[in-house]
file structure.pdb (PDB, C-alpha atoms (C1' of nucleotides))
ATOM      1  CA  MET B1304       1.707 -31.021  18.772  1.00  0.00           C
ATOM      2  CA  ASN B1305       0.549 -30.620  15.146  1.00  0.00           C
ATOM      3  CA  ARG B1306       2.961 -29.704  12.365  1.00  0.00           C
ATOM      4  CA  ILE B1307       1.909 -26.071  12.134  1.00  0.00           C
ATOM      5  CA  ALA B1308       2.367 -25.584  15.864  1.00  0.00           C
ATOM      6  CA  SER B1309       5.740 -27.326  15.878  1.00  0.00           C
ATOM      7  CA  ALA B1310       6.906 -25.299  12.875  1.00  0.00           C
ATOM      8  CA  TYR B1311       6.259 -22.193  14.962  1.00  0.00           C
ATOM      9  CA  GLU B1312       8.600 -23.448  17.662  1.00  0.00           C
ATOM     10  CA  SER B1313      11.304 -24.109  15.075  1.00  0.00           C
ATOM     11  CA  LEU B1314      10.889 -20.674  13.505  1.00  0.00           C
ATOM     12  CA  LEU B1315      11.022 -18.933  16.864  1.00  0.00           C
ATOM     13  CA  GLU B1316      14.162 -20.832  17.781  1.00  0.00           C
ATOM     14  CA  CYS B1317      15.762 -20.001  14.442  1.00  0.00           C
ATOM     15  CA  PHE B1318      14.854 -16.319  14.030  1.00  0.00           C
ATOM     16  CA  GLY B1319      13.953 -15.178  17.555  1.00  0.00           C
ATOM     17  CA  PRO B1320      10.972 -12.948  18.440  1.00  0.00           C
ATOM     18  CA  GLN B1321      10.182 -10.425  15.693  1.00  0.00           C
ATOM     19  CA  GLY B1322       7.897  -8.133  17.709  1.00  0.00           C
ATOM     20  CA  TRP B1323       5.676  -7.007  14.849  1.00  0.00           C
ATOM     21  CA  TRP B1324       4.007  -4.854  13.351  1.00  0.00           C
ATOM     22  CA  PRO B1325       6.620  -2.158  12.614  1.00  0.00           C
ATOM     23  CA  ALA B1326       4.512   0.958  13.351  1.00  0.00           C
ATOM     24  CA  GLU B1327       3.979   3.503  16.119  1.00  0.00           C
ATOM     25  CA  THR B1328       0.174   3.651  16.069  1.00  0.00           C
ATOM     26  CA  THR B1329      -2.700   1.370  15.086  1.00  0.00           C
ATOM     27  CA  PHE B1330      -3.723   3.714  12.268  1.00  0.00           C
ATOM     28  CA  GLU B1331      -0.183   3.635  10.929  1.00  0.00           C
ATOM     29  CA  MET B1332      -0.424  -0.166  10.932  1.00  0.00           C
ATOM     30  CA  ALA B1333      -3.586   0.006   8.844  1.00  0.00           C
ATOM     31  CA  VAL B1334      -2.010   2.479   6.419  1.00  0.00           C
ATOM     32  CA  GLY B1335       1.007   0.191   6.119  1.00  0.00           C
ATOM     33  CA  ALA B1336      -1.218  -2.811   5.448  1.00  0.00           C
ATOM     34  CA  VAL B1337      -2.794  -0.986   2.500  1.00  0.00           C
ATOM     35  CA  LEU B1338       0.456   0.452   1.169  1.00  0.00           C
ATOM     36  CA  THR B1339       2.316  -2.867   1.168  1.00  0.00           C
ATOM     37  CA  GLN B1340      -0.275  -4.555  -1.059  1.00  0.00           C
ATOM     38  CA  GLY B1341       1.530  -6.176  -3.982  1.00  0.00           C
ATOM     39  CA  THR B1342       4.623  -4.165  -3.102  1.00  0.00           C
ATOM     40  CA  ALA B1343       7.930  -4.691  -1.333  1.00  0.00           C
ATOM     41  CA  TRP B1344       7.800  -3.382   2.243  1.00  0.00           C
ATOM     42  CA  ARG B1345      10.804  -1.140   1.544  1.00  0.00           C
ATOM     43  CA  ASN B1346       8.699   0.883  -0.907  1.00  0.00           C
ATOM     44  CA  ALA B1347       5.690   1.012   1.406  1.00  0.00           C
ATOM     45  CA  GLU B1348       8.005   2.340   4.106  1.00  0.00           C
ATOM     46  CA  ARG B1349       9.085   5.246   1.927  1.00  0.00           C
ATOM     47  CA  ALA B1350       5.475   6.220   1.413  1.00  0.00           C
ATOM     48  CA  ILE B1351       4.840   5.954   5.168  1.00  0.00           C
ATOM     49  CA  ASP B1352       7.841   8.194   5.877  1.00  0.00           C
ATOM     50  CA  ASN B1353       6.459  10.793   3.460  1.00  0.00           C
ATOM     51  CA  LEU B1354       3.054  10.688   5.153  1.00  0.00           C
ATOM     52  CA  ARG B1355       4.680  11.011   8.560  1.00  0.00           C
ATOM     53  CA  ARG B1356       6.541  14.123   7.436  1.00  0.00           C
ATOM     54  CA  GLU B1357       3.216  15.578   6.259  1.00  0.00           C
ATOM     55  CA  GLY B1358       1.505  14.717   9.523  1.00  0.00           C
ATOM     56  CA  ALA B1359      -0.828  12.448   7.578  1.00  0.00           C
ATOM     57  CA  LEU B1360      -0.458   9.241   9.583  1.00  0.00           C
ATOM     58  CA  CYS B1361      -3.689   9.867  11.473  1.00  0.00           C
ATOM     59  CA  PRO B1362      -7.281  10.161  10.206  1.00  0.00           C
ATOM     60  CA  GLU B1363      -7.359  13.934  10.747  1.00  0.00           C
ATOM     61  CA  GLY B1364      -4.088  14.527   8.917  1.00  0.00           C
ATOM     62  CA  LEU B1365      -4.893  12.125   6.112  1.00  0.00           C
ATOM     63  CA  SER B1366      -8.270  13.723   5.444  1.00  0.00           C
ATOM     64  CA  ARG B1367      -6.676  17.173   5.391  1.00  0.00           C
ATOM     65  CA  ILE B1368      -4.298  16.692   2.469  1.00  0.00           C
ATOM     66  CA  SER B1369      -5.531  16.899  -1.125  1.00  0.00           C
ATOM     67  CA  PRO B1370      -6.039  13.739  -3.196  1.00  0.00           C
ATOM     68  CA  SER B1371      -3.279  14.769  -5.601  1.00  0.00           C
ATOM     69  CA  ALA B1372      -0.828  15.400  -2.746  1.00  0.00           C
ATOM     70  CA  LEU B1373      -1.739  12.064  -1.200  1.00  0.00           C
ATOM     71  CA  ARG B1374      -1.045  10.288  -4.481  1.00  0.00           C
ATOM     72  CA  LYS B1375       2.298  12.021  -4.756  1.00  0.00           C
ATOM     73  CA  HIS B1376       3.347  11.087  -1.207  1.00  0.00           C
ATOM     74  CA  ILE B1377       2.516   7.407  -1.636  1.00  0.00           C
ATOM     75  CA  ALA B1378       3.812   7.035  -5.202  1.00  0.00           C
ATOM     76  CA  ALA B1379       6.817   4.993  -4.070  1.00  0.00           C
ATOM     77  CA  ALA B1380       4.484   2.215  -2.910  1.00  0.00           C
ATOM     78  CA  GLY B1381       2.953   1.846  -6.377  1.00  0.00           C
ATOM     79  CA  PHE B1382      -0.732   1.575  -7.395  1.00  0.00           C
ATOM     80  CA  GLN B1383      -0.960   5.161  -6.171  1.00  0.00           C
ATOM     81  CA  ARG B1384      -4.430   6.010  -7.485  1.00  0.00           C
ATOM     82  CA  ARG B1385      -6.091   2.984  -5.964  1.00  0.00           C
ATOM     83  CA  LYS B1386      -4.218   3.117  -2.693  1.00  0.00           C
ATOM     84  CA  ALA B1387      -4.862   6.844  -2.272  1.00  0.00           C
ATOM     85  CA  ALA B1388      -8.583   6.232  -2.755  1.00  0.00           C
ATOM     86  CA  THR B1389      -8.525   3.321  -0.298  1.00  0.00           C
ATOM     87  CA  LEU B1390      -6.701   5.329   2.369  1.00  0.00           C
ATOM     88  CA  GLY B1391      -9.234   8.140   1.964  1.00  0.00           C
ATOM     89  CA  LEU B1392     -12.118   5.695   2.381  1.00  0.00           C
ATOM     90  CA  LEU B1393     -10.444   4.082   5.387  1.00  0.00           C
ATOM     91  CA  SER B1394     -10.125   7.462   7.067  1.00  0.00           C
ATOM     92  CA  GLU B1395     -13.767   8.181   6.230  1.00  0.00           C
ATOM     93  CA  LEU B1396     -14.765   4.880   7.806  1.00  0.00           C
ATOM     94  CA  ALA B1397     -13.236   6.231  11.021  1.00  0.00           C
ATOM     95  CA  GLY B1398     -15.137   9.493  10.632  1.00  0.00           C
ATOM     96  CA  ASN B1399     -11.798  11.143   9.893  1.00  0.00           C
ATOM     97  CA  THR B1400     -11.014  11.259  13.604  1.00  0.00           C
ATOM     98  CA  GLU B1401      -8.745   9.397  15.987  1.00  0.00           C
ATOM     99  CA  THR B1402     -11.641   8.741  18.362  1.00  0.00           C
ATOM    100  CA  GLY B1403     -13.677   7.365  15.462  1.00  0.00           C
ATOM    101  CA  TRP B1404     -10.791   5.071  14.574  1.00  0.00           C
ATOM    102  CA  ARG B1405     -10.490   3.800  18.143  1.00  0.00           C
ATOM    103  CA  ALA B1406     -14.245   3.194  18.287  1.00  0.00           C
ATOM    104  CA  LEU B1407     -14.040   1.290  15.008  1.00  0.00           C
ATOM    105  CA  LEU B1408     -11.260  -0.955  16.331  1.00  0.00           C
ATOM    106  CA  ALA B1409     -13.351  -1.646  19.434  1.00  0.00           C
ATOM    107  CA  THR B1410     -16.224  -3.172  17.431  1.00  0.00           C
ATOM    108  CA  PRO B1411     -16.584  -6.977  17.526  1.00  0.00           C
ATOM    109  CA  ALA B1412     -14.165  -8.793  15.220  1.00  0.00           C
ATOM    110  CA  THR B1413     -16.723 -10.173  12.774  1.00  0.00           C
ATOM    111  CA  GLU B1414     -18.375  -6.796  12.329  1.00  0.00           C
ATOM    112  CA  LEU B1415     -15.037  -5.009  12.091  1.00  0.00           C
ATOM    113  CA  ARG B1416     -13.867  -7.419   9.415  1.00  0.00           C
ATOM    114  CA  GLY B1417     -17.032  -6.762   7.407  1.00  0.00           C
ATOM    115  CA  ARG B1418     -16.707  -3.002   7.724  1.00  0.00           C
ATOM    116  CA  LEU B1419     -13.063  -3.053   6.697  1.00  0.00           C
ATOM    117  CA  GLN B1420     -13.806  -5.249   3.690  1.00  0.00           C
ATOM    118  CA  SER B1421     -16.618  -2.923   2.649  1.00  0.00           C
ATOM    119  CA  VAL B1422     -13.873  -0.428   1.804  1.00  0.00           C
ATOM    120  CA  ARG B1423     -12.908  -0.661  -1.849  1.00  0.00           C
ATOM    121  CA  GLY B1424      -9.305  -1.812  -1.970  1.00  0.00           C
ATOM    122  CA  ILE B1425      -9.368  -3.735   1.310  1.00  0.00           C
ATOM    123  CA  GLY B1426      -9.711  -7.472   0.739  1.00  0.00           C
ATOM    124  CA  PRO B1427      -9.509 -10.432   3.119  1.00  0.00           C
ATOM    125  CA  GLU B1428      -5.763 -10.302   3.675  1.00  0.00           C
ATOM    126  CA  THR B1429      -5.524  -6.579   4.392  1.00  0.00           C
ATOM    127  CA  ALA B1430      -8.596  -6.785   6.642  1.00  0.00           C
ATOM    128  CA  ASP B1431      -7.019  -9.631   8.619  1.00  0.00           C
ATOM    129  CA  ALA B1432      -3.733  -7.741   8.946  1.00  0.00           C
ATOM    130  CA  ILE B1433      -5.583  -4.744  10.388  1.00  0.00           C
ATOM    131  CA  LEU B1434      -7.707  -6.995  12.614  1.00  0.00           C
ATOM    132  CA  LEU B1435      -4.663  -8.792  13.969  1.00  0.00           C
ATOM    133  CA  TYR B1436      -2.093  -6.061  14.389  1.00  0.00           C
ATOM    134  CA  ALA B1437      -4.261  -2.988  15.030  1.00  0.00           C
ATOM    135  CA  GLY B1438      -7.281  -4.692  16.620  1.00  0.00           C
ATOM    136  CA  ARG B1439      -5.441  -7.497  18.431  1.00  0.00           C
ATOM    137  CA  CYS B1440      -8.070  -9.963  17.188  1.00  0.00           C
ATOM    138  CA  PRO B1441      -7.088 -13.607  16.563  1.00  0.00           C
ATOM    139  CA  ALA B1442      -7.183 -13.450  12.739  1.00  0.00           C
ATOM    140  CA  PHE B1443      -4.386 -15.316  10.977  1.00  0.00           C
ATOM    141  CA  VAL B1444      -2.993 -13.398   8.003  1.00  0.00           C
ATOM    142  CA  ILE B1445      -2.503 -15.443   4.850  1.00  0.00           C
ATOM    143  CA  ASP B1446      -0.069 -13.535   2.690  1.00  0.00           C
ATOM    144  CA  ALA B1447       2.249 -14.582  -0.125  1.00  0.00           C
ATOM    145  CA  TYR B1448       4.895 -15.758   2.370  1.00  0.00           C
ATOM    146  CA  THR B1449       2.427 -17.834   4.359  1.00  0.00           C
ATOM    147  CA  ARG B1450       1.043 -19.377   1.203  1.00  0.00           C
ATOM    148  CA  ARG B1451       4.492 -20.284  -0.151  1.00  0.00           C
ATOM    149  CA  PHE B1452       5.457 -21.782   3.199  1.00  0.00           C
ATOM    150  CA  ALA B1453       2.293 -23.890   3.489  1.00  0.00           C
ATOM    151  CA  VAL B1454       2.451 -25.173  -0.072  1.00  0.00           C
ATOM    152  CA  ARG B1455       6.196 -25.819  -0.063  1.00  0.00           C
ATOM    153  CA  HIS B1456       6.019 -27.894   3.094  1.00  0.00           C
ATOM    154  CA  ALA B1457       2.942 -29.800   1.974  1.00  0.00           C
ATOM    155  CA  LEU B1458       0.747 -28.347   4.728  1.00  0.00           C
ATOM    156  CA  ALA B1459      -1.834 -27.071   2.250  1.00  0.00           C
ATOM    157  CA  ASP B1460      -2.863 -27.630  -1.323  1.00  0.00           C
ATOM    158  CA  ARG B1461      -1.578 -25.155  -3.899  1.00  0.00           C
ATOM    159  CA  LYS B1462      -5.165 -24.465  -4.923  1.00  0.00           C
ATOM    160  CA  ALA B1463      -6.457 -23.821  -1.400  1.00  0.00           C
ATOM    161  CA  GLY B1464      -8.371 -20.543  -1.226  1.00  0.00           C
ATOM    162  CA  TYR B1465      -7.815 -17.791   1.308  1.00  0.00           C
ATOM    163  CA  ALA B1466     -10.518 -18.979   3.712  1.00  0.00           C
ATOM    164  CA  ALA B1467      -9.338 -22.602   3.629  1.00  0.00           C
ATOM    165  CA  MET B1468      -5.740 -21.617   4.286  1.00  0.00           C
ATOM    166  CA  LYS B1469      -6.784 -19.338   7.139  1.00  0.00           C
ATOM    167  CA  GLU B1470      -8.927 -22.069   8.667  1.00  0.00           C
ATOM    168  CA  LEU B1471      -5.989 -24.469   8.502  1.00  0.00           C
ATOM    169  CA  PHE B1472      -3.742 -22.202  10.570  1.00  0.00           C
ATOM    170  CA  GLU B1473      -6.437 -21.054  12.978  1.00  0.00           C
ATOM    171  CA  SER B1474      -7.624 -24.592  13.687  1.00  0.00           C
ATOM    172  CA  SER B1475      -4.045 -25.730  14.328  1.00  0.00           C
ATOM    173  CA  LEU B1476      -3.214 -23.010  16.849  1.00  0.00           C
ATOM    174  CA  PRO B1477      -4.765 -21.534  19.999  1.00  0.00           C
ATOM    175  CA  ALA B1478      -6.743 -18.350  19.230  1.00  0.00           C
ATOM    176  CA  ASP B1479      -4.048 -16.009  20.501  1.00  0.00           C
ATOM    177  CA  PRO B1480      -3.432 -12.727  18.631  1.00  0.00           C
ATOM    178  CA  ASP B1481       0.109 -12.406  19.992  1.00  0.00           C
ATOM    179  CA  LEU B1482       0.926 -15.884  18.713  1.00  0.00           C
ATOM    180  CA  TYR B1483      -0.629 -15.183  15.295  1.00  0.00           C
ATOM    181  CA  ALA B1484       1.240 -11.887  15.016  1.00  0.00           C
ATOM    182  CA  GLU B1485       4.555 -13.494  15.896  1.00  0.00           C
ATOM    183  CA  TYR B1486       3.963 -16.472  13.601  1.00  0.00           C
ATOM    184  CA  HIS B1487       3.160 -14.261  10.633  1.00  0.00           C
ATOM    185  CA  ALA B1488       6.240 -12.118  11.275  1.00  0.00           C
ATOM    186  CA  LEU B1489       8.406 -15.238  11.501  1.00  0.00           C
ATOM    187  CA  LEU B1490       7.038 -16.513   8.190  1.00  0.00           C
ATOM    188  CA  VAL B1491       8.005 -13.230   6.575  1.00  0.00           C
ATOM    189  CA  ALA B1492      11.498 -13.507   8.063  1.00  0.00           C
ATOM    190  CA  LEU B1493      11.746 -17.061   6.741  1.00  0.00           C
ATOM    191  CA  GLY B1494      10.448 -16.049   3.326  1.00  0.00           C
ATOM    192  CA  LYS B1495      12.826 -13.140   2.967  1.00  0.00           C
ATOM    193  CA  GLU B1496      15.844 -15.210   3.871  1.00  0.00           C
ATOM    194  CA  PHE B1497      15.101 -18.557   2.267  1.00  0.00           C
ATOM    195  CA  CYS B1498      11.943 -19.174   0.287  1.00  0.00           C
ATOM    196  CA  ARG B1499      12.762 -16.593  -2.372  1.00  0.00           C
ATOM    197  CA  THR B1500      16.533 -16.899  -2.624  1.00  0.00           C
ATOM    198  CA  GLN B1501      16.513 -20.674  -2.197  1.00  0.00           C
ATOM    199  CA  PRO B1502      13.661 -21.892  -4.386  1.00  0.00           C
ATOM    200  CA  ARG B1503      14.268 -25.482  -3.393  1.00  0.00           C
ATOM    201  CA  CYS B1504      14.770 -24.633   0.278  1.00  0.00           C
ATOM    202  CA  ALA B1505      18.168 -26.323   0.281  1.00  0.00           C
ATOM    203  CA  ASP B1506      19.123 -24.662   3.555  1.00  0.00           C
ATOM    204  CA  CYS B1507      15.648 -24.076   4.906  1.00  0.00           C
ATOM    205  CA  PRO B1508      15.790 -24.301   8.711  1.00  0.00           C
ATOM    206  CA  LEU B1509      12.494 -26.210   8.737  1.00  0.00           C
ATOM    207  CA  ARG B1510      13.728 -29.070   6.585  1.00  0.00           C
ATOM    208  CA  ARG B1511      14.412 -31.380   9.494  1.00  0.00           C
ATOM    209  CA  ASP B1512      10.951 -30.728  10.998  1.00  0.00           C
ATOM    210  CA  LEU B1513       8.733 -30.539   7.937  1.00  0.00           C
ATOM    211  CA  PRO B1514       8.715 -32.490   4.707  1.00  0.00           C
ATOM    212  CA  GLU B1515       8.839 -30.548   1.446  1.00  0.00           C
ATOM    213  CA  ALA B1516       6.248 -30.855  -1.280  1.00  0.00           C
ATOM    214  CA  ARG B1517       7.431 -32.766  -4.303  1.00  0.00           C
TER     215      ARG B1517
ATOM    216  C1'  DG F 295      15.252  -5.001 -20.648  1.00  0.00           C
ATOM    217  C1'  DT F 296      12.841  -8.336 -17.549  1.00  0.00           C
ATOM    218  C1'  DC F 297      10.978 -10.006 -13.435  1.00  0.00           C
ATOM    219  C1'  DC F 298       8.871  -9.622  -9.096  1.00  0.00           C
ATOM    220  C1'  DA F 299       7.387  -7.604  -4.566  1.00  0.00           C
ATOM    221  C1'  DG F 300       3.880  -8.760   2.576  1.00  0.00           C
ATOM    222  C1'  DG F 301      -3.277  -7.653  -3.036  1.00  0.00           C
ATOM    223  C1'  DG F 302      -7.587  -6.552  -4.877  1.00  0.00           C
ATOM    224  C1'  DC F 303     -10.846  -5.677  -8.582  1.00  0.00           C
ATOM    225  C1'  DC F 304     -12.905  -6.710 -12.828  1.00  0.00           C
ATOM    226  C1'  DT F 305     -13.917  -9.346 -16.834  1.00  0.00           C
ATOM    227  C1'  DA F 306     -14.403 -13.306 -19.603  1.00  0.00           C
ATOM    228  C1'  DC F 307     -15.047 -18.002 -19.769  1.00  0.00           C
TER     229       DC F 307
ATOM    230  C1'  DG U1075     -16.081 -20.230  -9.465  1.00  0.00           C
ATOM    231  C1'  DT U1076     -11.932 -19.106 -11.207  1.00  0.00           C
ATOM    232  C1'  DA U1077      -8.080 -17.885 -14.201  1.00  0.00           C
ATOM    233  C1'  DG U1078      -5.886 -13.925 -16.032  1.00  0.00           C
ATOM    234  C1'  DG U1079      -5.190  -8.962 -16.970  1.00  0.00           C
ATOM    235  C1'  DC U1080      -4.583  -4.753 -14.821  1.00  0.00           C
ATOM    236  C1'  DC U1081      -3.081  -1.291 -11.503  1.00  0.00           C
ATOM    237  C1'  DA U1082       2.520   1.558 -10.649  1.00  0.00           C
ATOM    238  C1'  DT U1083       6.915   1.918  -8.720  1.00  0.00           C
ATOM    239  C1'  DG U1084      11.647   0.456  -7.477  1.00  0.00           C
ATOM    240  C1'  DG U1085      15.320  -2.795  -7.055  1.00  0.00           C
ATOM    241  C1'  DA U1086      17.885  -6.954  -8.411  1.00  0.00           C
TER     242       DA U1086
END

call {"tool": "encode", "arguments": {"input": "structure.pdb", "output": "structure tokens"}}
result
Amino acid sequence: MNRIASAYESLLECFGPQGWWPAETTFEMAVGAVLTQGTAWRNAERAIDNLRREGALCPEGLSRISPSALRKHIAAAGFQRRKAATLGLLSELAGNTETGWRALLATPATELRGRLQSVRGIGPETADAILLYAGRCPAFVIDAYTRRFAVRHALADRKAGYAAMKELFESSLPADPDLYAEYHALLVALGKEFCRTQPRCADCPLRRDLPEAR
DNA sequence: GTCCAGGGCCTAC
DNA sequence: GTAGGCCATGGA
């Protein structure tokens, strides 16, 4: 077993199954992926709660509210102008309908990734998060937690780009969306508990399995 | 007051 | 091609 695969076993043993993504519908997952960009999840969650109260967590509802109201509802997640525009474009991509959204998610992964990334404000990471959690496609999400984990444990070079980092994880694991989803969630759990509060990973549960970068 | 959080875009080299 | 500034808000 390679180091990335064995680290997964250790994480699962340490934190238990996370059962991600925290959302009720696939569209809500996509909205969450946009809202959490460069922002603590706690703040994205507030914005999601506001949208839920307004009935705007579906393409129809989102397209119904005014741009200024949308900005107000998502303000807690920060970058409100950009994110409001992105959410509007995402809904448009789905034809502003639930059936359009489902049809979009049913398109082949490569095409779906391209269409998502054609939306201004959706880059490789957000596209992969939507692909993985909403589309159940085997796309590994490289976020800040994943990057810190890989660099800290000398699995990847600090300068590795998004594509290289993604290739590293995907080539080390079977192409299983459930596995990718669980792994990513476990890395977030690890990051929240250790990698930020313990910069040197003094008590990191992976220390006995993985070397640390010097 | 300062720093940073589950990014992405744009501009200047 | 890539490093750095910028977008915005909330909590530690």

call {"tool": "closest_atom_pairs", "arguments": {"input": "structure.pdb", "of": "chain B", "to": "chain F", "cutoff": "6 Å", "atoms": "all atoms listed in the file", "output": "JSON lines"}}
result
{"residue": "B:Gln1340", "atom": "CA", "partner": "F:DG301", "partner_atom": "C1'", "distance": 4.7}
{"residue": "B:Gly1341", "atom": "CA", "partner": "F:DG301", "partner_atom": "C1'", "distance": 5.1}
{"residue": "B:Thr1342", "atom": "CA", "partner": "F:DA299", "partner_atom": "C1'", "distance": 4.6}
{"residue": "B:Ala1343", "atom": "CA", "partner": "F:DA299", "partner_atom": "C1'", "distance": 4.4}
{"residue": "B:Gly1424", "atom": "CA", "partner": "F:DG302", "partner_atom": "C1'", "distance": 5.8}

call {"tool": "write_last_selection", "arguments": {"input": "structure.pdb", "atoms": "C-alpha atoms", "output": "PDB file, keeping the file's coordinate frame"}}
result
ATOM      1  CA  GLN B1340      -0.275  -4.555  -1.059  1.00  0.00           C
ATOM      2  CA  GLY B1341       1.530  -6.176  -3.982  1.00  0.00           C
ATOM      3  CA  THR B1342       4.623  -4.165  -3.102  1.00  0.00           C
ATOM      4  CA  ALA B1343       7.930  -4.691  -1.333  1.00  0.00           C
ATOM      5  CA  GLY B1424      -9.305  -1.812  -1.970  1.00  0.00           C
TER       6      GLY B1424
END

call {"tool": "interface_residues", "arguments": {"input": "structure.pdb", "of": "chain U", "to": "chain B", "cutoff": "8 Å", "atoms": "only C-alpha atoms (C1' of nucleotides)", "output": "short mmCIF file (atom, residue, chain, number, x, y, z; two decimals) with C-alpha atoms (C1' of nucleotides), in the coordinates of the input"}}
result
data_model
loop_
_atom_site.label_atom_id
_atom_site.label_comp_id
_atom_site.auth_asym_id
_atom_site.auth_seq_id
_atom_site.Cartn_x
_atom_site.Cartn_y
_atom_site.Cartn_z
"C1'" DC U 1081 -3.08 -1.29 -11.50
"C1'" DA U 1082 2.52 1.56 -10.65
"C1'" DT U 1083 6.92 1.92 -8.72
"C1'" DG U 1084 11.65 0.46 -7.48
#

call {"tool": "atom_distance", "arguments": {"input": "structure.pdb", "atom1": "atom CA of Asp1431 of chain B", "atom2": "atom CA of Phe1443 of chain B"}}
result
6.7 Å

call {"tool": "atom_distance", "arguments": {"input": "structure.pdb", "atom1": "atom CA of Tyr1448 of chain B", "atom2": "atom CA of Ala1430 of chain B"}}
result
16.8 Å

call {"tool": "residues_near_point", "arguments": {"input": "structure.pdb", "point": "(-2.6, -26.1, 17.5)", "cutoff": "12 Å", "atoms": "only C-alpha atoms (C1' of nucleotides)", "output": "CSV table (one decimal) with C-alpha atoms, in the frame of the given file"}}
result
chain,number,residue,atom,x,y,z
B,1304,MET,CA,1.7,-31.0,18.8
B,1305,ASN,CA,0.5,-30.6,15.1
B,1306,ARG,CA,3.0,-29.7,12.4
B,1307,ILE,CA,1.9,-26.1,12.1
B,1308,ALA,CA,2.4,-25.6,15.9
B,1309,SER,CA,5.7,-27.3,15.9
B,1310,ALA,CA,6.9,-25.3,12.9
B,1311,TYR,CA,6.3,-22.2,15.0
B,1312,GLU,CA,8.6,-23.4,17.7
B,1470,GLU,CA,-8.9,-22.1,8.7
B,1471,LEU,CA,-6.0,-24.5,8.5
B,1472,PHE,CA,-3.7,-22.2,10.6
B,1473,GLU,CA,-6.4,-21.1,13.0
B,1474,SER,CA,-7.6,-24.6,13.7
B,1475,SER,CA,-4.0,-25.7,14.3
B,1476,LEU,CA,-3.2,-23.0,16.8
B,1477,PRO,CA,-4.8,-21.5,20.0
B,1478,ALA,CA,-6.7,-18.4,19.2
B,1479,ASP,CA,-4.0,-16.0,20.5
B,1482,LEU,CA,0.9,-15.9,18.7
B,1483,TYR,CA,-0.6,-15.2,15.3

call {"tool": "residues_around", "arguments": {"input": "structure.pdb", "residues": "Pro1325 of chain B", "least_positions_apart": "4", "cutoff": "10 Å", "atoms": "all atoms listed in the file", "output": "PyMOL selection string"}}
result
chain B and resi 1321+1331-1332+1335+1348+1436

call {"tool": "write_last_selection", "arguments": {"input": "structure.pdb", "atoms": "C-alpha atoms", "output": "PDB file, keeping the file's coordinate frame"}}
result
ATOM      1  CA  GLN B1321      10.182 -10.425  15.693  1.00  0.00           C
ATOM      2  CA  GLU B1331      -0.183   3.635  10.929  1.00  0.00           C
ATOM      3  CA  MET B1332      -0.424  -0.166  10.932  1.00  0.00           C
ATOM      4  CA  GLY B1335       1.007   0.191   6.119  1.00  0.00           C
ATOM      5  CA  GLU B1348       8.005   2.340   4.106  1.00  0.00           C
ATOM      6  CA  TYR B1436      -2.093  -6.061  14.389  1.00  0.00           C
TER       7      TYR B1436
END

call {"tool": "atom_distance", "arguments": {"input": "structure.pdb", "atom1": "atom CA of Leu1435 of chain B", "atom2": "atom CA of Leu1415 of chain B"}}
result
11.2 Å

call {"tool": "resolve_selection", "arguments": {"input": "structure.pdb", "expression": "the PyMOL selection byres ((chain U and resi 1075) around 12)", "output": "list in words"}}
result
Gly1464 of chain B; DC307 of chain F; DT1076 and DA1077 of chain U

call {"tool": "closest_residue", "arguments": {"input": "structure.pdb", "among": "B:Gly1398, B:Ile1425, B:Arg1455, B:Leu1490", "to": "Leu1338 of chain B", "atoms": "all atoms listed in the file"}}
result
B:Ile1425

call {"tool": "resolve_selection", "arguments": {"input": "structure.pdb", "expression": "the PyMOL selection byres ((chain B and resi 1393) around 10)", "output": "count of residues only"}}
result
27

call {"tool": "resolve_selection", "arguments": {"input": "structure.pdb", "expression": "the PyMOL selection byres ((chain B and resi 1444) around 7)", "output": "PyMOL selection string"}}
result
chain B and resi 1428+1431-1432+1442-1443+1445-1446+1487

call {"tool": "closest_residue", "arguments": {"input": "structure.pdb", "among": "B:Lys1375, B:Arg1461, B:Arg1451, B:His1456", "to": "Gly1494 of chain B", "atoms": "all atoms listed in the file"}}
result
B:Arg1451

call {"tool": "residues_around", "arguments": {"input": "structure.pdb", "residues": "Ala1459 of chain B", "least_positions_apart": "4", "cutoff": "9 Å", "atoms": "all atoms listed in the file", "output": "list in words"}}
result
Arg1450, Ala1453, Val1454, Arg1455, Ala1463, Ala1467, Met1468 and Leu1471 of chain B
